[in-house]
Structures are given as C-alpha cells and as structure tokens.
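So this one's work_21.tsv, TSV, C-alpha atoms:
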```tsv
chain	number	residue	atom	x	y	z
I	29	MET	CA	12.23	24.58	5.78
I	30	LEU	CA	12.82	22.47	2.66
I	31	SER	CA	15.01	20.07	4.64
I	32	ALA	CA	12.24	19.52	7.17
I	33	LEU	CA	9.76	18.83	4.35
I	34	GLU	CA	12.17	16.37	2.74
I	35	VAL	CA	12.73	14.46	5.97
I	36	PHE	CA	9.05	14.50	6.96
I	37	THR	CA	7.98	13.27	3.52
I	38	THR	CA	10.57	10.51	3.52
I	39	VAL	CA	9.47	9.35	6.98
I	40	VAL	CA	5.77	9.37	6.02
I	41	VAL	CA	6.43	7.39	2.82
I	42	GLY	CA	8.82	5.07	4.67
I	43	LEU	CA	6.24	4.27	7.33
I	44	MET	CA	3.66	3.56	4.61
I	45	VAL	CA	6.11	1.22	2.91
I	46	GLY	CA	6.75	-0.51	6.23
I	47	VAL	CA	3.05	-1.09	6.85
I	48	GLU	CA	2.47	-2.42	3.34
I	49	PHE	CA	5.58	-4.60	3.48
I	50	SER	CA	4.42	-6.00	6.81
I	51	VAL	CA	0.97	-6.77	5.40
I	52	ALA	CA	2.51	-8.57	2.41
I	53	PHE	CA	5.19	-10.58	4.14
I	54	VAL	CA	4.06	-10.96	7.76
I	55	VAL	CA	0.40	-10.27	8.50
I	56	ASN	CA	-1.12	-12.13	5.56
I	57	ARG	CA	1.11	-15.15	6.17
I	58	ILE	CA	-0.03	-15.22	9.79
I	59	LEU	CA	-3.67	-14.92	8.76
I	60	ASN	CA	-3.28	-17.66	6.15
I	61	ALA	CA	-1.91	-20.01	8.81
I	62	LEU	CA	-4.81	-19.55	11.23
I	63	PRO	CA	-7.29	-22.40	11.63
I	64	GLU	CA	-10.72	-22.63	10.06
I	65	ASP	CA	-12.36	-19.27	9.30
I	66	SER	CA	-10.10	-17.11	11.47
I	67	GLY	CA	-7.82	-16.04	8.62
I	68	GLN	CA	-10.69	-14.94	6.39
I	69	LEU	CA	-12.29	-13.02	9.26
I	70	GLY	CA	-8.94	-11.39	10.02
I	71	ARG	CA	-8.49	-10.35	6.40
I	72	ALA	CA	-12.01	-8.87	6.36
I	73	HIS	CA	-11.26	-6.87	9.51
I	74	GLY	CA	-7.88	-5.76	8.14
I	75	GLY	CA	-9.57	-4.74	4.91
I	76	ARG	CA	-11.99	-2.54	6.81
I	77	MET	CA	-9.35	-1.01	9.06
I	78	LEU	CA	-6.56	-0.44	6.53
I	79	GLY	CA	-9.08	0.27	3.78
I	80	ALA	CA	-10.02	3.39	5.71
I	81	ALA	CA	-6.49	4.52	6.58
I	82	MET	CA	-4.40	3.74	3.53
I	83	PRO	CA	-6.14	5.98	0.96
I	84	VAL	CA	-5.36	8.99	3.14
I	85	TRP	CA	-1.77	7.80	3.57
I	86	TYR	CA	-1.23	7.16	-0.15
I	87	ILE	CA	-2.75	10.46	-1.27
I	88	GLY	CA	-1.05	12.34	1.57
I	89	SER	CA	2.31	10.86	0.59
I	90	LEU	CA	1.74	11.81	-3.02
I	91	VAL	CA	0.84	15.38	-2.05
I	92	LEU	CA	3.94	15.68	0.14
I	93	VAL	CA	6.16	14.42	-2.68
I	94	ALA	CA	4.54	16.88	-5.10
I	95	VAL	CA	5.14	19.77	-2.69
I	96	TRP	CA	8.75	18.64	-2.26
I	97	ALA	CA	9.22	18.48	-6.04
I	98	VAL	CA	7.82	21.98	-6.51
I	99	ALA	CA	9.56	23.55	-3.50
I	100	GLY	CA	12.88	21.93	-4.37
I	101	ARG	CA	12.73	22.34	-8.14
I	102	ASP	CA	16.03	24.25	-8.14
I	103	HIS	CA	17.80	21.80	-5.83
I	104	ARG	CA	19.64	18.56	-6.34
I	105	GLY	CA	17.64	15.37	-6.59
I	106	THR	CA	14.48	16.92	-8.01
I	107	GLY	CA	14.40	14.39	-10.85
I	108	LEU	CA	14.50	11.57	-8.30
I	109	VAL	CA	11.64	13.16	-6.35
I	110	VAL	CA	9.55	13.59	-9.51
I	111	THR	CA	10.19	9.95	-10.46
I	112	ALA	CA	9.21	8.86	-6.93
I	113	GLY	CA	6.02	10.88	-7.34
I	114	ALA	CA	5.30	9.14	-10.64
I	115	LEU	CA	5.76	5.76	-8.95
I	116	LEU	CA	3.38	6.80	-6.18
I	117	ILE	CA	0.84	7.76	-8.85
I	118	VAL	CA	1.27	4.27	-10.33
I	119	SER	CA	0.66	2.78	-6.88
I	120	VAL	CA	-2.54	4.82	-6.43
I	121	VAL	CA	-3.81	3.84	-9.89
I	122	MET	CA	-3.00	0.18	-9.15
I	123	SER	CA	-4.83	0.46	-5.85
I	124	VAL	CA	-7.95	2.00	-7.32
I	125	LEU	CA	-8.15	-0.27	-10.37
I	126	LEU	CA	-6.89	-3.60	-9.01
I	127	LEU	CA	-6.74	-3.85	-5.23
I	128	VAL	CA	-9.62	-1.73	-3.90
I	129	PRO	CA	-12.36	-3.62	-5.79
I	130	ILE	CA	-11.17	-6.93	-4.30
I	131	ASN	CA	-10.75	-5.34	-0.87
I	132	ASN	CA	-14.23	-3.82	-0.98
I	133	ARG	CA	-15.71	-7.25	-1.58
I	134	GLY	CA	-13.49	-9.04	0.91
I	135	LYS	CA	-14.11	-6.71	3.82
I	136	THR	CA	-17.81	-7.65	3.79
I	137	TRP	CA	-17.29	-11.41	3.71
I	138	THR	CA	-18.12	-13.74	6.55
I	139	PRO	CA	-17.90	-17.53	6.54
I	140	GLU	CA	-21.62	-17.54	5.75
I	141	ASN	CA	-21.64	-15.17	2.76
I	142	ARG	CA	-18.22	-15.43	1.12
I	143	PRO	CA	-18.08	-16.64	-2.48
I	144	ALA	CA	-16.72	-20.05	-3.40
I	145	ASP	CA	-13.66	-18.46	-5.03
I	146	TRP	CA	-12.76	-16.23	-2.07
I	147	LYS	CA	-9.30	-17.77	-1.69
I	148	GLU	CA	-8.51	-17.19	-5.36
I	149	GLN	CA	-9.60	-13.56	-4.99
I	150	MET	CA	-7.38	-13.13	-1.93
I	151	ASN	CA	-4.46	-14.71	-3.80
I	152	ARG	CA	-5.03	-12.28	-6.68
I	153	TRP	CA	-5.07	-9.38	-4.19
I	154	ASP	CA	-1.81	-10.67	-2.70
I	155	ARG	CA	-0.13	-10.84	-6.13
I	156	TYR	CA	-1.19	-7.28	-6.99
I	157	HIS	CA	-0.11	-6.15	-3.55
I	158	TYR	CA	3.41	-7.61	-4.01
I	159	VAL	CA	3.78	-5.53	-7.17
I	160	ARG	CA	2.45	-2.44	-5.42
I	161	VAL	CA	4.92	-2.97	-2.56
I	162	ALA	CA	7.77	-3.15	-5.07
I	163	VAL	CA	6.59	0.11	-6.66
I	164	ILE	CA	6.39	2.00	-3.35
I	165	VAL	CA	9.73	0.57	-2.16
I	166	ALA	CA	11.26	1.95	-5.36
I	167	ALA	CA	9.62	5.35	-4.71
I	168	PHE	CA	10.88	5.37	-1.13
I	169	THR	CA	14.39	4.44	-2.26
I	170	LEU	CA	14.43	7.34	-4.72
I	171	LEU	CA	13.35	9.74	-1.96
I	172	VAL	CA	16.13	8.49	0.31
I	173	VAL	CA	18.70	8.90	-2.46
I	174	ALA	CA	17.37	12.42	-3.16
I	175	LEU	CA	18.14	13.32	0.47
I	176	VAL	CA	21.81	12.46	0.05
```
Encoded form using structure tokens:
Amino acid sequence: MLSALEVFTTVVVGLMVGVEFSVAFVVNRILNALPEDSGQLGRAHGGRMLGAAMPVWYIGSLVLVAVWAVAGRDHRGTGLVVTAGALLIVSVVMSVLLLVPINNRGKTWTPENRPADWKEQMNRWDRYHYVRVAVIVAAFTLLVVALV
C-alpha cells in the first residue's frame, strides 16, 4: 500500500511540475508573442482557469506528501519526503503571498480596464513563477530520489 501511495504522490507532483514548467517556459512565451491584445486576454483566461485548478493541486500534493511522510516514517527516504514537503509548503506560501494577488488582478483585466503597468505586473508574476517552478522541481526531485 505504501508503494502505491509513493508512486501516486510522485506522479501527482510530477504532473503539477510539468504544468507549471510548461506555463513558465512555453505557454507564457507563446502568449507574449501574440499580436495586439491577444496575449493579455490569453493570460487573463489562463489565470481564471489555472487559478481555479492549481490551489487544489498544490494543497492536494502537499497532503499526499504529508501522508507519505507519516506512513513511511520508518522507511528509507523519509527525510527526503519531509524536505520535499517543506519545499511544497514554501511554494504554497509563495503562491499565496506573491503570485495569487497578481493573478487575481490579472484575470479580471481586459484591454479596456487593465492598468498602465500591466506588463510590469505580468513580468513580476513571471519572475516569481520561475522561482516557484525551481522550488517544486526540487521537491519533485527529492520525491523521485526517495523512491529509489
């Protein structure tokens, strides 16, 4: 049963990392290259869509890692799992304090109501997001190593 939990948790976290990596290094670059207001509208839509899904994914991943750490406390790799959990906590705190406030503003913007500094705010979100991606990649890597 523990092995199934370990694999399931690693897959869930890995998929989350893949989505966030894709947003950082593929989707946002595509949106930034679109003409006129299309990129900003795409970011607003993405903010609404992923803004609804990702909190569940982040918290769900954290809960799974916590269950793994508790259930496997007498097994090898528990320290790695606990450290991965701590990194996921950092990612949630970063999200709530840094990224969500920008996302909450951005998902309501249209070409008619966006602020003059909207691009600077999106660039700030991108910079915070790159750091968050690095944090969750590190967490995922620790989970993979704990499986070995």
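Between atom CA of I:Leu92 and atom CA of I:Ala114 lies a distance of 12.7 Å.
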Centre and edges of the stretch 93-106 of chain I box, axis-aligned, 8 Å extra per side, as AutoDock Vina command-line options:
```
--center_x 12.1 --center_y 19.3 --center_z -5.2 --size_x 31.1 --size_y 25.8 --size_z 21.9
```
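Candidate residues I:Ala99, I:Ala166, I:Leu59, I:Val91 were compared for distance to I:Met29, and the nearest is I:Ala99, using all atoms listed in the file.
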Open item on the list: At a cut-off of 12 Å around the point (21.9, 22.3, -1.5) (file coordinates), what residues fall inside when counting all atoms listed in the file? I'd like the answer as a ChimeraX atom specification.
Closed with: /I:30-31,100-106,174-176
Task: Residues near stretch 50-56 of chain I, cut-off 8 Å, only C-alpha atoms, skip fewer than 3 positions along chain, as a ChimeraX atom specification - done: /I:46-47,59-60,71,154,157-158,161
Okay, now the selection with C-alpha atoms, as a PDB file, keeping the file's coordinate frame?
```pdb
ATOM      1  CA  GLY I  46       6.750  -0.510   6.230  1.00  0.00           C
ATOM      2  CA  VAL I  47       3.050  -1.090   6.850  1.00  0.00           C
ATOM      3  CA  LEU I  59      -3.670 -14.920   8.760  1.00  0.00           C
ATOM      4  CA  ASN I  60      -3.280 -17.660   6.150  1.00  0.00           C
ATOM      5  CA  ARG I  71      -8.490 -10.350   6.400  1.00  0.00           C
ATOM      6  CA  ASP I 154      -1.810 -10.670  -2.700  1.00  0.00           C
ATOM      7  CA  HIS I 157      -0.110  -6.150  -3.550  1.00  0.00           C
ATOM      8  CA  TYR I 158       3.410  -7.610  -4.010  1.00  0.00           C
ATOM      9  CA  VAL I 161       4.920  -2.970  -2.560  1.00  0.00           C
TER      10      VAL I 161
END
```
- [ ] Please measure the separation of atom CA of I:Val41 and atom CA of I:Ile58, giving the value in Å to one decimal.
- [x] 24.5 Å
For stretch 97-120 of chain I, where the input has fewer atoms than it should, I would like N, CA and C atoms rebuilt and written as a PDB file, in the frame of the given file.
```pdb
ATOM      1  N   ALA I  97       8.733  18.300  -4.678  1.00  0.00           N
ATOM      2  CA  ALA I  97       9.220  18.480  -6.040  1.00  0.00           C
ATOM      3  C   ALA I  97       9.116  19.946  -6.478  1.00  0.00           C
ATOM      4  N   VAL I  98       8.008  20.578  -6.128  1.00  0.00           N
ATOM      5  CA  VAL I  98       7.820  21.980  -6.510  1.00  0.00           C
ATOM      6  C   VAL I  98       8.735  22.890  -5.685  1.00  0.00           C
ATOM      7  N   ALA I  99       8.749  22.693  -4.388  1.00  0.00           N
ATOM      8  CA  ALA I  99       9.560  23.550  -3.500  1.00  0.00           C
ATOM      9  C   ALA I  99      11.053  23.378  -3.762  1.00  0.00           C
ATOM     10  N   GLY I 100      11.454  22.196  -4.167  1.00  0.00           N
ATOM     11  CA  GLY I 100      12.880  21.930  -4.370  1.00  0.00           C
ATOM     12  C   GLY I 100      13.287  21.875  -5.824  1.00  0.00           C
ATOM     13  N   ARG I 101      12.490  22.475  -6.696  1.00  0.00           N
ATOM     14  CA  ARG I 101      12.730  22.340  -8.140  1.00  0.00           C
ATOM     15  C   ARG I 101      14.097  22.863  -8.570  1.00  0.00           C
ATOM     16  N   ASP I 102      14.706  23.726  -7.797  1.00  0.00           N
ATOM     17  CA  ASP I 102      16.030  24.250  -8.140  1.00  0.00           C
ATOM     18  C   ASP I 102      17.149  23.563  -7.354  1.00  0.00           C
ATOM     19  N   HIS I 103      16.810  22.491  -6.657  1.00  0.00           N
ATOM     20  CA  HIS I 103      17.800  21.800  -5.830  1.00  0.00           C
ATOM     21  C   HIS I 103      18.162  20.445  -6.448  1.00  0.00           C
ATOM     22  N   ARG I 104      19.198  19.880  -5.914  1.00  0.00           N
ATOM     23  CA  ARG I 104      19.640  18.560  -6.340  1.00  0.00           C
ATOM     24  C   ARG I 104      18.582  17.507  -6.050  1.00  0.00           C
ATOM     25  N   GLY I 105      18.535  16.491  -6.857  1.00  0.00           N
ATOM     26  CA  GLY I 105      17.640  15.370  -6.590  1.00  0.00           C
ATOM     27  C   GLY I 105      16.202  15.563  -7.009  1.00  0.00           C
ATOM     28  N   THR I 106      15.884  16.672  -7.644  1.00  0.00           N
ATOM     29  CA  THR I 106      14.480  16.920  -8.010  1.00  0.00           C
ATOM     30  C   THR I 106      13.965  15.864  -8.977  1.00  0.00           C
ATOM     31  N   GLY I 107      14.805  15.438  -9.905  1.00  0.00           N
ATOM     32  CA  GLY I 107      14.400  14.390 -10.850  1.00  0.00           C
ATOM     33  C   GLY I 107      14.037  13.093 -10.131  1.00  0.00           C
ATOM     34  N   LEU I 108      14.792  12.776  -9.095  1.00  0.00           N
ATOM     35  CA  LEU I 108      14.500  11.570  -8.300  1.00  0.00           C
ATOM     36  C   LEU I 108      13.156  11.718  -7.588  1.00  0.00           C
ATOM     37  N   VAL I 109      12.894  12.908  -7.069  1.00  0.00           N
ATOM     38  CA  VAL I 109      11.640  13.160  -6.350  1.00  0.00           C
ATOM     39  C   VAL I 109      10.465  13.073  -7.323  1.00  0.00           C
ATOM     40  N   VAL I 110      10.615  13.645  -8.502  1.00  0.00           N
ATOM     41  CA  VAL I 110       9.550  13.590  -9.510  1.00  0.00           C
ATOM     42  C   VAL I 110       9.296  12.136  -9.919  1.00  0.00           C
ATOM     43  N   THR I 111      10.353  11.373 -10.108  1.00  0.00           N
ATOM     44  CA  THR I 111      10.190   9.950 -10.460  1.00  0.00           C
ATOM     45  C   THR I 111       9.512   9.192  -9.323  1.00  0.00           C
ATOM     46  N   ALA I 112       9.884   9.486  -8.088  1.00  0.00           N
ATOM     47  CA  ALA I 112       9.210   8.860  -6.930  1.00  0.00           C
ATOM     48  C   ALA I 112       7.734   9.207  -6.943  1.00  0.00           C
ATOM     49  N   GLY I 113       7.421  10.460  -7.252  1.00  0.00           N
ATOM     50  CA  GLY I 113       6.020  10.880  -7.340  1.00  0.00           C
ATOM     51  C   GLY I 113       5.278  10.108  -8.424  1.00  0.00           C
ATOM     52  N   ALA I 114       5.928   9.913  -9.562  1.00  0.00           N
ATOM     53  CA  ALA I 114       5.300   9.140 -10.640  1.00  0.00           C
ATOM     54  C   ALA I 114       5.034   7.705 -10.196  1.00  0.00           C
ATOM     55  N   LEU I 115       5.971   7.123  -9.465  1.00  0.00           N
ATOM     56  CA  LEU I 115       5.760   5.760  -8.950  1.00  0.00           C
ATOM     57  C   LEU I 115       4.614   5.725  -7.940  1.00  0.00           C
ATOM     58  N   LEU I 116       4.502   6.753  -7.123  1.00  0.00           N
ATOM     59  CA  LEU I 116       3.380   6.800  -6.180  1.00  0.00           C
ATOM     60  C   LEU I 116       2.050   6.942  -6.920  1.00  0.00           C
ATOM     61  N   ILE I 117       2.049   7.681  -8.028  1.00  0.00           N
ATOM     62  CA  ILE I 117       0.840   7.760  -8.850  1.00  0.00           C
ATOM     63  C   ILE I 117       0.497   6.373  -9.389  1.00  0.00           C
ATOM     64  N   VAL I 118       1.496   5.635  -9.858  1.00  0.00           N
ATOM     65  CA  VAL I 118       1.270   4.270 -10.330  1.00  0.00           C
ATOM     66  C   VAL I 118       0.665   3.417  -9.210  1.00  0.00           C
ATOM     67  N   SER I 119       1.174   3.572  -7.996  1.00  0.00           N
ATOM     68  CA  SER I 119       0.660   2.780  -6.880  1.00  0.00           C
ATOM     69  C   SER I 119      -0.797   3.134  -6.560  1.00  0.00           C
ATOM     70  N   VAL I 120      -1.153   4.409  -6.675  1.00  0.00           N
ATOM     71  CA  VAL I 120      -2.540   4.820  -6.430  1.00  0.00           C
ATOM     72  C   VAL I 120      -3.451   4.274  -7.527  1.00  0.00           C
TER      73      VAL I 120
END
```
